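Student: Just one file: work.txt, with compact mmCIF, C-alpha atoms.
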# COMPACT_ATOMS: atom_id res chain seq x y z
CA MET C 195 -5.69 4.47 33.35
CA ASN C 196 -4.62 7.17 35.78
CA LYS C 197 -7.52 9.60 36.14
CA HIS C 198 -5.17 12.55 35.57
CA ASP C 199 -3.83 10.99 32.39
CA THR C 200 -5.80 12.08 29.34
CA GLN C 201 -3.98 9.66 27.06
CA LEU C 202 -5.37 6.25 26.19
CA ASP C 203 -3.89 2.99 27.51
CA LEU C 204 -0.25 2.27 26.85
CA TRP C 205 0.88 -0.60 24.60
CA GLU C 206 4.38 -1.88 23.85
CA VAL C 207 5.19 -2.44 20.19
CA PHE C 208 7.47 -5.20 18.89
CA ILE C 209 8.46 -5.30 15.22
CA GLN C 210 9.88 -8.19 13.21
CA SER C 211 11.96 -6.76 10.40
CA ARG C 212 11.62 -9.92 8.32
CA ALA C 213 10.53 -13.52 8.68
CA GLY C 214 12.76 -15.59 10.95
CA LEU C 215 14.29 -12.70 12.86
CA PRO C 216 13.34 -11.93 16.46
CA TYR C 217 10.74 -9.31 17.29
CA MET C 218 12.45 -6.18 18.60
CA HIS C 219 10.95 -3.61 20.93
CA ALA C 220 10.26 -0.52 18.82
CA GLY C 221 8.59 1.72 21.37
CA SER C 222 5.13 2.31 22.76
CA ILE C 223 1.85 3.83 21.62
CA HIS C 224 -1.49 4.80 23.14
CA ALA C 225 -4.74 3.10 22.15
CA SER C 226 -8.06 2.16 23.69
CA ASP C 227 -8.09 -1.42 22.42
CA ALA C 228 -6.09 -3.96 20.41
CA GLU C 229 -7.45 -2.97 16.99
CA MET C 230 -6.67 0.71 17.52
CA ALA C 231 -3.28 -0.27 18.93
CA MET C 232 -2.51 -2.24 15.77
CA GLN C 233 -3.35 0.70 13.50
CA ASN C 234 -1.43 3.17 15.66
CA ALA C 235 1.61 0.89 15.82
CA ARG C 236 1.51 0.46 12.06
CA ASP C 237 1.29 4.20 11.48
CA THR C 238 3.89 5.11 14.08
CA TYR C 239 6.56 2.46 13.60
CA THR C 240 6.32 0.83 10.16
CA ARG C 241 6.16 3.78 7.80
CA ARG C 242 9.63 3.30 6.38
CA GLY C 243 9.72 -0.41 5.73
CA GLU C 244 10.86 -1.29 9.25
CA GLY C 245 8.98 -4.52 9.45
CA THR C 246 6.67 -7.22 8.19
CA SER C 247 4.98 -8.22 11.44
CA ILE C 248 3.85 -6.53 14.65
CA TRP C 249 3.29 -7.85 18.19
CA LEU C 250 1.49 -5.75 20.77
CA VAL C 251 1.42 -6.13 24.53
CA PRO C 252 -0.50 -3.98 27.01
CA SER C 253 2.26 -2.28 28.99
CA ASN C 254 0.68 -3.20 32.31
CA CYS C 255 1.07 -6.90 31.42
CA ILE C 256 4.85 -6.61 31.45
CA LYS C 257 6.66 -7.70 34.61
CA ALA C 258 9.87 -5.70 34.80
CA SER C 259 12.86 -6.37 37.03
CA ASP C 260 13.38 -3.96 39.89
CA PRO C 261 16.46 -1.73 39.39
CA SER C 262 17.29 -2.09 43.11
CA ASP C 263 17.77 -5.84 42.49
CA ASN C 264 20.42 -5.26 39.84
CA ASP C 265 23.36 -6.32 42.07
CA MET C 266 21.74 -9.63 42.81
CA MET C 267 20.29 -10.19 39.37
CA PHE C 268 23.03 -9.23 36.96
CA ASP C 269 26.43 -8.65 38.59
CA PRO C 270 27.22 -12.32 39.28
CA SER C 271 27.45 -13.05 35.56
CA ASN C 272 30.06 -10.37 34.84
CA ASP C 273 33.15 -12.39 35.77
CA LYS C 274 32.07 -15.68 34.19
CA ILE C 275 33.58 -15.22 30.78
CA TYR C 276 33.35 -18.95 30.15
CA ARG C 277 29.62 -18.46 29.70
CA HIS C 278 30.34 -16.60 26.48
CA PRO C 279 31.05 -18.69 23.39
CA THR C 280 34.15 -16.60 22.66
CA PHE C 281 36.50 -19.59 22.72
CA TYR C 282 35.03 -21.18 19.64
CA VAL C 283 35.68 -20.42 16.02
CA MET C 284 32.48 -19.28 14.38
CA PRO C 285 31.40 -21.59 11.55
CA GLU C 286 31.54 -19.78 8.29
CA GLY C 287 28.13 -18.66 7.07
CA ALA C 288 26.44 -18.78 10.49
CA THR C 289 24.47 -15.62 11.03
CA HIS C 290 22.29 -14.15 13.79
CA ILE C 291 24.32 -15.74 16.61
CA MET X 266 -12.87 14.71 -28.05
CA THR X 267 -10.01 12.38 -28.90
CA LYS X 268 -9.04 9.34 -26.87
CA LYS X 269 -5.86 11.14 -25.83
CA GLU X 270 -7.78 14.15 -24.52
CA ALA X 271 -10.18 11.88 -22.68
CA LEU X 272 -7.36 9.94 -21.04
CA TYR X 273 -5.62 13.18 -20.02
CA ASN X 274 -8.84 14.41 -18.47
CA TYR X 275 -9.41 11.08 -16.71
CA CYS X 276 -5.95 11.17 -15.12
CA LEU X 277 -6.53 14.71 -13.88
CA ARG X 278 -9.85 13.66 -12.44
CA ILE X 279 -8.38 10.83 -10.36
CA GLY X 280 -5.18 12.73 -9.64
CA ASP X 281 -6.99 15.87 -8.46
CA ASP X 282 -9.03 13.90 -5.92
CA ALA X 283 -5.75 12.65 -4.46
CA LEU X 284 -4.02 16.04 -4.61
CA ILE X 285 -6.80 18.04 -3.00
CA LEU X 286 -7.64 15.52 -0.28
CA GLY X 287 -3.92 15.08 0.39
CA HIS X 288 -3.67 18.82 0.94
CA ARG X 289 -6.73 18.86 3.17
CA LEU X 290 -5.39 15.99 5.29
CA SER X 291 -1.98 17.60 5.60
CA ASP X 292 -3.71 20.42 7.49
CA TRP X 293 -4.13 17.95 10.36
CA CYS X 294 -0.36 17.81 10.81
CA SER X 295 0.32 18.90 14.44
CA ASN X 296 -3.45 19.26 15.01
CA GLY X 297 -4.46 15.61 15.45
CA PRO X 298 -6.49 14.62 18.51
CA ILE X 299 -3.59 12.44 19.73
CA LEU X 300 -0.06 11.97 18.45
CA GLU X 301 -0.81 8.56 16.95
CA GLU X 302 -3.81 9.85 14.99
CA ASP X 303 -1.83 12.87 13.87
CA LEU X 304 0.63 10.44 12.26
CA ALA X 305 -2.18 8.31 10.84
CA LEU X 306 -3.84 11.28 9.12
CA THR X 307 -0.60 12.61 7.72
CA ASN X 308 0.24 9.08 6.50
CA LEU X 309 -3.03 9.18 4.59
CA ALA X 310 -2.03 12.60 3.25
CA LEU X 311 1.30 11.25 2.04
CA ASP X 312 -0.37 8.29 0.32
CA MET X 313 -2.66 10.74 -1.43
CA ILE X 314 0.11 13.10 -2.51
CA GLY X 315 2.18 10.17 -3.82
CA ARG X 316 -0.78 8.98 -5.85
CA ALA X 317 -1.39 12.50 -7.17
CA GLN X 318 2.21 12.68 -8.28
CA ALA X 319 1.95 9.40 -10.21
CA LEU X 320 -1.27 10.43 -11.94
CA LEU X 321 -0.26 14.00 -12.74
CA THR X 322 3.09 12.77 -14.08
CA TYR X 323 1.20 10.43 -16.38
CA ALA X 324 -1.22 13.21 -17.34
CA ALA X 325 1.74 15.46 -18.21
CA GLU X 326 3.24 12.66 -20.31
CA ILE X 327 -0.03 12.27 -22.23
CA LYS X 328 -0.31 16.03 -22.74
CA GLY X 329 3.26 16.26 -24.00
CA GLY X 330 5.22 19.44 -24.68
CA ASN X 331 6.63 21.24 -21.65
CA VAL X 332 3.88 20.21 -19.27
CA THR X 333 5.10 18.74 -15.98
CA ALA X 334 3.34 17.25 -12.97
CA ASP X 335 4.36 20.29 -10.92
CA ALA X 336 2.89 22.65 -13.49
CA LEU X 337 -0.37 20.70 -13.38
CA ALA X 338 -0.48 20.83 -9.59
CA TYR X 339 0.58 24.43 -9.10
CA ARG X 340 -0.30 26.39 -12.24
CA ARG X 341 -3.85 25.41 -13.07
CA SER X 342 -6.74 27.66 -12.13
CA GLU X 343 -9.76 26.59 -10.14
CA ARG X 344 -11.90 25.82 -13.19
CA GLU X 345 -9.23 23.46 -14.50
CA TYR X 346 -9.46 21.13 -11.50
CA TYR X 347 -11.71 18.11 -11.86
CA ASN X 348 -11.80 16.64 -8.35
CA HIS X 349 -15.07 15.62 -6.71
CA LEU X 350 -16.55 18.31 -4.47
CA LEU X 351 -16.45 15.87 -1.55
CA VAL X 352 -12.65 15.98 -1.22
CA GLU X 353 -12.43 19.78 -1.09
CA GLN X 354 -14.89 20.06 1.80
CA ALA X 355 -13.44 21.49 5.00
CA ASN X 356 -11.82 19.23 7.59
CA GLY X 357 -14.41 20.41 10.10
CA ASP X 358 -14.24 18.42 13.31
CA PHE X 359 -12.64 14.96 13.45
CA ALA X 360 -16.01 13.38 12.64
CA HIS X 361 -16.25 15.33 9.36
CA THR X 362 -12.71 14.37 8.38
CA ILE X 363 -13.41 10.69 9.10
CA THR X 364 -16.75 10.71 7.30
CA ARG X 365 -15.27 12.39 4.20
CA GLN X 366 -12.53 9.75 4.22
CA LEU X 367 -14.99 6.91 4.69
CA PHE X 368 -17.22 7.98 1.79
CA LEU X 369 -14.27 8.46 -0.55
CA SER X 370 -12.09 5.51 0.51
CA ILE X 371 -14.89 2.99 0.08
CA PHE X 372 -15.55 4.45 -3.37
CA GLU X 373 -11.83 4.19 -4.17
CA LEU X 374 -11.68 0.61 -2.92
CA TYR X 375 -14.05 -0.56 -5.66
CA PHE X 376 -12.82 1.99 -8.18
CA PHE X 377 -9.15 0.95 -8.07
CA GLU X 378 -10.04 -2.73 -7.76
CA THR X 379 -11.75 -2.40 -11.13
CA LEU X 380 -9.19 -0.03 -12.63
CA GLN X 381 -6.54 -2.73 -12.17
CA GLN X 382 -8.12 -4.40 -15.20
CA SER X 383 -7.73 -1.30 -17.37
CA LYS X 384 -6.16 -1.94 -20.76
CA ASP X 385 -3.97 1.08 -20.07
CA ASN X 386 -0.93 -0.47 -18.40
CA THR X 387 0.09 2.67 -16.51
CA LEU X 388 -3.35 3.17 -15.00
CA ALA X 389 -3.57 -0.53 -14.13
CA ALA X 390 -0.19 -0.38 -12.36
CA ILE X 391 -1.08 2.78 -10.43
CA ALA X 392 -4.39 1.15 -9.46
CA ALA X 393 -2.68 -1.99 -8.13
CA LYS X 394 -0.31 0.05 -5.98
CA THR X 395 -3.04 2.39 -4.78
CA LEU X 396 -5.41 -0.42 -3.85
CA LYS X 397 -3.08 -1.60 -1.07
CA GLU X 398 -3.07 1.87 0.44
CA VAL X 399 -6.81 2.33 0.06
CA LYS X 400 -7.59 -0.93 1.85
CA TYR X 401 -5.90 0.51 4.92
CA HIS X 402 -7.65 3.87 4.51
CA VAL X 403 -10.98 2.05 4.53
CA ARG X 404 -10.07 0.08 7.64
CA HIS X 405 -8.92 3.18 9.49
CA ALA X 406 -11.88 5.35 8.52
CA ALA X 407 -14.48 2.62 9.12
CA ASP X 408 -12.94 1.77 12.48
CA TRP X 409 -13.23 5.38 13.65
CA ALA X 410 -16.71 5.79 12.18
CA ILE X 411 -17.89 2.80 14.22
CA ARG X 412 -16.10 3.91 17.39
CA LEU X 413 -17.49 7.42 17.21
CA GLY X 414 -20.97 6.49 15.96
CA ASP X 415 -21.39 3.76 18.55
CA GLY X 416 -19.55 5.82 21.16
CA THR X 417 -20.66 8.56 23.50
CA THR X 418 -23.71 10.79 23.05
CA GLU X 419 -21.43 13.59 21.90
CA SER X 420 -19.40 11.53 19.42
CA LYS X 421 -22.56 9.96 17.98
CA LYS X 422 -24.16 13.38 17.54
CA ARG X 423 -21.08 14.69 15.73
CA MET X 424 -20.78 11.64 13.47
CA GLN X 425 -24.44 11.79 12.51
CA GLN X 426 -24.08 15.50 11.75
CA ALA X 427 -21.05 14.81 9.54
CA VAL X 428 -22.84 12.01 7.68
CA ASN X 429 -25.87 14.26 7.12
CA ASP X 430 -23.71 17.22 6.02
CA LEU X 431 -21.58 15.28 3.54
CA TRP X 432 -24.18 12.93 2.08
CA MET X 433 -25.11 15.40 -0.66
CA TYR X 434 -21.57 15.14 -2.06
CA THR X 435 -21.77 11.37 -2.61
CA GLY X 436 -24.03 11.42 -5.68
CA GLU X 437 -21.28 13.03 -7.71
CA LEU X 438 -18.98 10.05 -7.19
CA PHE X 439 -21.02 8.08 -9.72
CA GLU X 440 -21.51 10.77 -12.38
CA THR X 441 -20.04 10.13 -15.80
CA ASP X 442 -19.52 12.20 -18.92
CA GLU X 443 -18.49 11.95 -22.55
CA ALA X 444 -14.76 11.49 -21.83
CA GLU X 445 -15.45 8.60 -19.53
CA GLY X 446 -17.87 7.00 -21.99
CA LEU X 447 -15.20 7.09 -24.66
CA LEU X 448 -12.60 5.44 -22.40
CA LEU X 449 -15.11 2.92 -21.13
CA HIS X 450 -15.76 1.82 -24.69
CA GLU X 451 -12.02 1.18 -25.08
CA GLY X 452 -11.77 -0.80 -21.82
CA LEU X 453 -9.60 1.84 -20.17
CA ALA X 454 -11.91 3.31 -17.53
CA VAL X 455 -14.08 2.05 -14.67
CA ASP X 456 -17.78 1.58 -15.28
CA LEU X 457 -19.09 3.48 -12.26
CA ALA X 458 -22.55 1.97 -12.63
CA THR X 459 -21.08 -1.43 -11.73
CA ILE X 460 -19.50 -0.28 -8.47
CA LYS X 461 -22.33 1.87 -7.14
CA ALA X 462 -24.20 -1.03 -5.55
CA SER X 463 -21.01 -2.24 -3.83
CA TRP X 464 -20.39 1.26 -2.43
CA GLN X 465 -23.96 1.57 -1.15
CA LYS X 466 -23.85 -1.86 0.48
CA HIS X 467 -20.48 -1.24 2.11
CA ILE X 468 -21.48 2.21 3.41
CA LYS X 469 -24.70 0.77 4.76
CA GLU X 470 -22.81 -1.96 6.62
CA VAL X 471 -20.41 0.49 8.26
CA LEU X 472 -23.04 3.08 9.19
CA SER X 473 -25.36 0.38 10.55
CA GLU X 474 -22.60 -1.03 12.73
CA ALA X 475 -21.90 2.54 13.83
CA THR X 476 -25.60 2.76 14.81
CA LEU X 477 -25.95 5.80 12.55
CA HIS X 478 -28.94 6.76 10.48
CA ILE X 479 -28.35 6.52 6.73
CA PRO X 480 -29.65 9.66 5.00
CA THR X 481 -32.06 9.31 2.09
CA ASP X 482 -30.80 10.66 -1.23
CA GLY X 483 -32.06 14.20 -1.61
CA TYR X 484 -30.48 17.04 -3.51
CA MET X 485 -27.01 16.05 -4.67
CA GLN X 486 -24.22 18.56 -5.32
CA THR X 487 -22.58 18.42 -8.72
CA GLY X 488 -19.94 20.26 -10.75
CA GLY X 489 -16.50 18.70 -10.26
CA LEU X 490 -16.48 16.91 -13.61
CA LYS X 491 -16.95 20.27 -15.34
CA GLY X 492 -14.50 22.12 -13.12
CA VAL X 493 -17.25 23.93 -11.23
CA HIS X 494 -16.38 23.90 -7.53
CA SER X 495 -17.63 24.95 -4.13
CA GLU X 496 -16.12 28.05 -2.54
CA GLN X 497 -13.67 25.78 -0.71
CA LEU X 498 -11.34 25.01 -3.62
CA GLY X 499 -10.27 28.61 -4.22
CA HIS X 500 -9.07 28.87 -0.62
CA ILE X 501 -7.16 25.60 -0.92
CA LEU X 502 -5.46 26.65 -4.14
CA SER X 503 -4.52 30.09 -2.87
CA GLU X 504 -2.50 28.45 -0.13
CA MET X 505 -1.26 25.44 -2.10
CA GLN X 506 -0.16 27.44 -5.13
CA TYR X 507 1.10 30.54 -3.37
CA LEU X 508 4.81 29.81 -3.65
CA GLN X 509 4.80 28.83 -7.33
CA ARG X 510 2.59 31.78 -8.19
CA ALA X 511 4.66 34.33 -6.25
CA TYR X 512 8.05 32.88 -7.17
CA PRO X 513 7.64 30.88 -10.39
CA ASP X 514 10.13 28.01 -10.74
CA ALA X 515 11.47 28.62 -7.22
CA LYS X 516 13.96 25.94 -6.17
CA TRP X 517 15.17 24.81 -2.77
Can I see the file as structure tokens?

Tutor:
Amino acid sequence: MNKHDTQLDLWEVFIQSRAGLPYMHAGSIHASDAEMAMQNARDTYTRRGEGTSIWLVPSNCIKASDPSDNDMMFDPSNDKIYRHPTFYVMPEGATHI
Amino acid sequence: MTKKEALYNYCLRIGDDALILGHRLSDWCSNGPILEEDLALTNLALDMIGRAQALLTYAAEIKGGNVTADALAYRRSEREYYNHLLVEQANGDFAHTITRQLFLSIFELYFFETLQQSKDNTLAAIAAKTLKEVKYHVRHAADWAIRLGDGTTESKKRMQQAVNDLWMYTGELFETDEAEGLLLHEGLAVDLATIKASWQKHIKEVLSEATLHIPTDGYMQTGGLKGVHSEQLGHILSEMQYLQRAYPDAKW
């Protein structure tokens, strides 16, 4: 923790809205340990039936890509439309694709 | 006293605990120590107010006539409230709020667990719903009690002070009267004598883990069952009832 920061450690919160679906990033909360983080995440992000399961990750454990690398990292995929499954007919009844 | 009167009184008793503590906790809104705890405390407040609504609605139904849940919440005078004195005690510092919650929530855990078996279907259903909420209240309050008790010199001092200050309001939780005896006989109410040992054991476990000293039972405050309150309740009601008293039947 930064000595000028009076908040507790930062945690990232991921919520699964129901069984089988992917966990989605909901936001972040402050807490001094995992148990407090769980309670704070529950109280902050699941008050209106948003989910049935929570994952927590200390924010400093996340390795993020560097925005200055964006050209190298992401641009090359823009003109490769064949990587998208847009040329297939979607089977009826298939969801979450 | 008829069974109907006793049941009405019993609903007010449980409902008033929820209403008054819900109001107390709502005072933390925008005043919490950190944003996350501000939300946690107001979540507790909302659980309490929801429970109060269910119980006062049922009380109004039992009473019959023109009585509504709103009228019971906003038009009764101080002597007509039957909540335990513990719930009307001031928020104080965070340690007092947590200790008040801990003492009550652990009581409610065993109370509603037992009330689920009530032969009154409405009370049993309210108890089942409430129990889920109370389990979380216990976890949250106990977690903070342990953190603060087994924390810094300052937090330990404040927690111990809160435990010492509020202990005299815990005896009342297990008091019974004629109305309750009547309902107990019918299998409608909770036999408080059977849950007292569980409460004591649970409290002892939490306070021991929090490295706090457990006070010995001395003088215990009493009065809530008869509608006799500490000076705190009048102040709560004057704020809570102001709008309905000044502008009866006001609508949005």

Student: Taking all atoms listed in the file into account, find every residue of chain C that has an atom no more than 12 Å from chain X, and write it out as a ChimeraX atom specification.

Tutor: /C:200-202,204,222-242

Student: As an exercise, work out the distance from atom CA of Asn272 of chain C to atom CA of Ser259 of chain C in Å and give it to one decimal place.

Tutor: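 One can read the atom CA of Asn272 of chain C to atom CA of Ser259 of chain C distance as 17.8 Å.
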
Student: So that I can check the surroundings of segment 353-367 of chain X, please list as a PyMOL selection string every protein, DNA and RNA residue that reaches within 8 Å of it, counting all atoms listed in the file and ignoring chain neighbours fewer than 3 positions away.

Tutor: chain X and resi 285-286+289-290+298+348-350+370-371+402-403+406-407+409-410+413+420+423-424+427-428+431+495+497-498+501

Student: May I have the selected residues written with C-alpha atoms, as an mmCIF file, keeping the file's coordinate frame?

Tutor:
data_model
loop_
_atom_site.group_PDB
_atom_site.id
_atom_site.type_symbol
_atom_site.label_atom_id
_atom_site.label_comp_id
_atom_site.auth_asym_id
_atom_site.auth_seq_id
_atom_site.Cartn_x
_atom_site.Cartn_y
_atom_site.Cartn_z
ATOM 1 C CA ILE X 285 -6.800 18.040 -3.000
ATOM 2 C CA LEU X 286 -7.640 15.520 -0.280
ATOM 3 C CA ARG X 289 -6.730 18.860 3.170
ATOM 4 C CA LEU X 290 -5.390 15.990 5.290
ATOM 5 C CA PRO X 298 -6.490 14.620 18.510
ATOM 6 C CA ASN X 348 -11.800 16.640 -8.350
ATOM 7 C CA HIS X 349 -15.070 15.620 -6.710
ATOM 8 C CA LEU X 350 -16.550 18.310 -4.470
ATOM 9 C CA SER X 370 -12.090 5.510 0.510
ATOM 10 C CA ILE X 371 -14.890 2.990 0.080
ATOM 11 C CA HIS X 402 -7.650 3.870 4.510
ATOM 12 C CA VAL X 403 -10.980 2.050 4.530
ATOM 13 C CA ALA X 406 -11.880 5.350 8.520
ATOM 14 C CA ALA X 407 -14.480 2.620 9.120
ATOM 15 C CA TRP X 409 -13.230 5.380 13.650
ATOM 16 C CA ALA X 410 -16.710 5.790 12.180
ATOM 17 C CA LEU X 413 -17.490 7.420 17.210
ATOM 18 C CA SER X 420 -19.400 11.530 19.420
ATOM 19 C CA ARG X 423 -21.080 14.690 15.730
ATOM 20 C CA MET X 424 -20.780 11.640 13.470
ATOM 21 C CA ALA X 427 -21.050 14.810 9.540
ATOM 22 C CA VAL X 428 -22.840 12.010 7.680
ATOM 23 C CA LEU X 431 -21.580 15.280 3.540
ATOM 24 C CA SER X 495 -17.630 24.950 -4.130
ATOM 25 C CA GLN X 497 -13.670 25.780 -0.710
ATOM 26 C CA LEU X 498 -11.340 25.010 -3.620
ATOM 27 C CA ILE X 501 -7.160 25.600 -0.920
#

Student: Can you tell me which residues surround segment 434-448 of chain X at a distance of at most 8 Å, considering only C-alpha atoms, apart from same-chain residues fewer than 6 positions away, and format the answer as a list in words?

Tutor: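 Those residues are Met266, Lys268, Glu270, Ala271, Leu272, Asn274, Tyr275, His349, Leu350, Leu351, Phe368, Phe372, Ala454, Leu457, Ala458, Lys461, Met485, Gln486, Thr487, Gly488, Gly489 and Leu490 of chain X.
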
Student: With all atoms listed in the file as the basis for distance, which of X:Thr481, X:Gln318, X:Ser383, X:Ser503 is at the shortest distance from Leu277 of chain X?

Tutor: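 Once distances to Leu277 of chain X are computed over all atoms listed in the file, the minimum belongs to X:Gln318.
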
Student: If I take atom CA of Thr322 of chain X and atom CA of Leu337 of chain X, how far is one from the other in Å, to one decimal?

Tutor: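 The value is 8.7 Å.
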
Student: Would you compute the distance between atom CA of Glu378 of chain X and atom CA of Ile391 of chain X? Give it in Å to one decimal.

Tutor: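 The value is 10.9 Å.
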
Student: What would segment 477-498 of chain X look like with N, CA and C atoms restored, written as a PDB file, in the frame of the given file?

Tutor:
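What landed in selection_37.pdb:
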ATOM      1  N   LEU X 477     -25.601   4.483  13.102  1.00  0.00           N
ATOM      2  CA  LEU X 477     -25.950   5.800  12.550  1.00  0.00           C
ATOM      3  C   LEU X 477     -27.080   5.649  11.540  1.00  0.00           C
ATOM      4  N   HIS X 478     -27.826   6.721  11.419  1.00  0.00           N
ATOM      5  CA  HIS X 478     -28.940   6.760  10.480  1.00  0.00           C
ATOM      6  C   HIS X 478     -28.401   7.069   9.079  1.00  0.00           C
ATOM      7  N   ILE X 479     -28.819   6.286   8.102  1.00  0.00           N
ATOM      8  CA  ILE X 479     -28.350   6.520   6.730  1.00  0.00           C
ATOM      9  C   ILE X 479     -29.301   7.500   6.049  1.00  0.00           C
ATOM     10  N   PRO X 480     -28.765   8.646   5.593  1.00  0.00           N
ATOM     11  CA  PRO X 480     -29.650   9.660   5.000  1.00  0.00           C
ATOM     12  C   PRO X 480     -30.289   9.134   3.704  1.00  0.00           C
ATOM     13  N   THR X 481     -31.453   9.665   3.386  1.00  0.00           N
ATOM     14  CA  THR X 481     -32.060   9.310   2.090  1.00  0.00           C
ATOM     15  C   THR X 481     -31.477  10.277   1.063  1.00  0.00           C
ATOM     16  N   ASP X 482     -31.354   9.807  -0.172  1.00  0.00           N
ATOM     17  CA  ASP X 482     -30.800  10.660  -1.230  1.00  0.00           C
ATOM     18  C   ASP X 482     -31.750  11.808  -1.512  1.00  0.00           C
ATOM     19  N   GLY X 483     -31.265  13.027  -1.274  1.00  0.00           N
ATOM     20  CA  GLY X 483     -32.060  14.200  -1.610  1.00  0.00           C
ATOM     21  C   GLY X 483     -31.335  14.950  -2.713  1.00  0.00           C
ATOM     22  N   TYR X 484     -31.210  16.243  -2.521  1.00  0.00           N
ATOM     23  CA  TYR X 484     -30.480  17.040  -3.510  1.00  0.00           C
ATOM     24  C   TYR X 484     -29.004  16.668  -3.458  1.00  0.00           C
ATOM     25  N   MET X 485     -28.422  16.398  -4.623  1.00  0.00           N
ATOM     26  CA  MET X 485     -27.010  16.050  -4.670  1.00  0.00           C
ATOM     27  C   MET X 485     -26.221  17.170  -5.360  1.00  0.00           C
ATOM     28  N   GLN X 486     -25.096  17.538  -4.738  1.00  0.00           N
ATOM     29  CA  GLN X 486     -24.220  18.560  -5.320  1.00  0.00           C
ATOM     30  C   GLN X 486     -23.524  17.994  -6.557  1.00  0.00           C
ATOM     31  N   THR X 487     -23.246  18.863  -7.505  1.00  0.00           N
ATOM     32  CA  THR X 487     -22.580  18.420  -8.720  1.00  0.00           C
ATOM     33  C   THR X 487     -21.703  19.542  -9.255  1.00  0.00           C
ATOM     34  N   GLY X 488     -20.750  19.203 -10.136  1.00  0.00           N
ATOM     35  CA  GLY X 488     -19.940  20.260 -10.750  1.00  0.00           C
ATOM     36  C   GLY X 488     -18.493  19.888 -11.005  1.00  0.00           C
ATOM     37  N   GLY X 489     -17.933  19.025 -10.178  1.00  0.00           N
ATOM     38  CA  GLY X 489     -16.500  18.700 -10.260  1.00  0.00           C
ATOM     39  C   GLY X 489     -16.043  18.249 -11.644  1.00  0.00           C
ATOM     40  N   LEU X 490     -16.850  17.427 -12.287  1.00  0.00           N
ATOM     41  CA  LEU X 490     -16.480  16.910 -13.610  1.00  0.00           C
ATOM     42  C   LEU X 490     -16.296  18.028 -14.626  1.00  0.00           C
ATOM     43  N   LYS X 491     -17.022  19.134 -14.409  1.00  0.00           N
ATOM     44  CA  LYS X 491     -16.950  20.270 -15.340  1.00  0.00           C
ATOM     45  C   LYS X 491     -16.007  21.355 -14.819  1.00  0.00           C
ATOM     46  N   GLY X 492     -15.393  21.113 -13.680  1.00  0.00           N
ATOM     47  CA  GLY X 492     -14.500  22.120 -13.120  1.00  0.00           C
ATOM     48  C   GLY X 492     -15.232  23.213 -12.358  1.00  0.00           C
ATOM     49  N   VAL X 493     -16.496  22.940 -12.000  1.00  0.00           N
ATOM     50  CA  VAL X 493     -17.250  23.930 -11.230  1.00  0.00           C
ATOM     51  C   VAL X 493     -17.218  23.486  -9.757  1.00  0.00           C
ATOM     52  N   HIS X 494     -16.652  24.328  -8.908  1.00  0.00           N
ATOM     53  CA  HIS X 494     -16.380  23.900  -7.530  1.00  0.00           C
ATOM     54  C   HIS X 494     -17.121  24.702  -6.482  1.00  0.00           C
ATOM     55  N   SER X 495     -17.077  24.200  -5.251  1.00  0.00           N
ATOM     56  CA  SER X 495     -17.630  24.950  -4.130  1.00  0.00           C
ATOM     57  C   SER X 495     -16.625  26.052  -3.782  1.00  0.00           C
ATOM     58  N   GLU X 496     -17.001  26.936  -2.875  1.00  0.00           N
ATOM     59  CA  GLU X 496     -16.120  28.050  -2.540  1.00  0.00           C
ATOM     60  C   GLU X 496     -14.827  27.571  -1.864  1.00  0.00           C
ATOM     61  N   GLN X 497     -14.820  26.307  -1.444  1.00  0.00           N
ATOM     62  CA  GLN X 497     -13.670  25.780  -0.710  1.00  0.00           C
ATOM     63  C   GLN X 497     -12.397  25.693  -1.547  1.00  0.00           C
ATOM     64  N   LEU X 498     -12.539  25.302  -2.820  1.00  0.00           N
ATOM     65  CA  LEU X 498     -11.340  25.010  -3.620  1.00  0.00           C
ATOM     66  C   LEU X 498     -10.444  26.233  -3.812  1.00  0.00           C
TER      67      LEU X 498
END
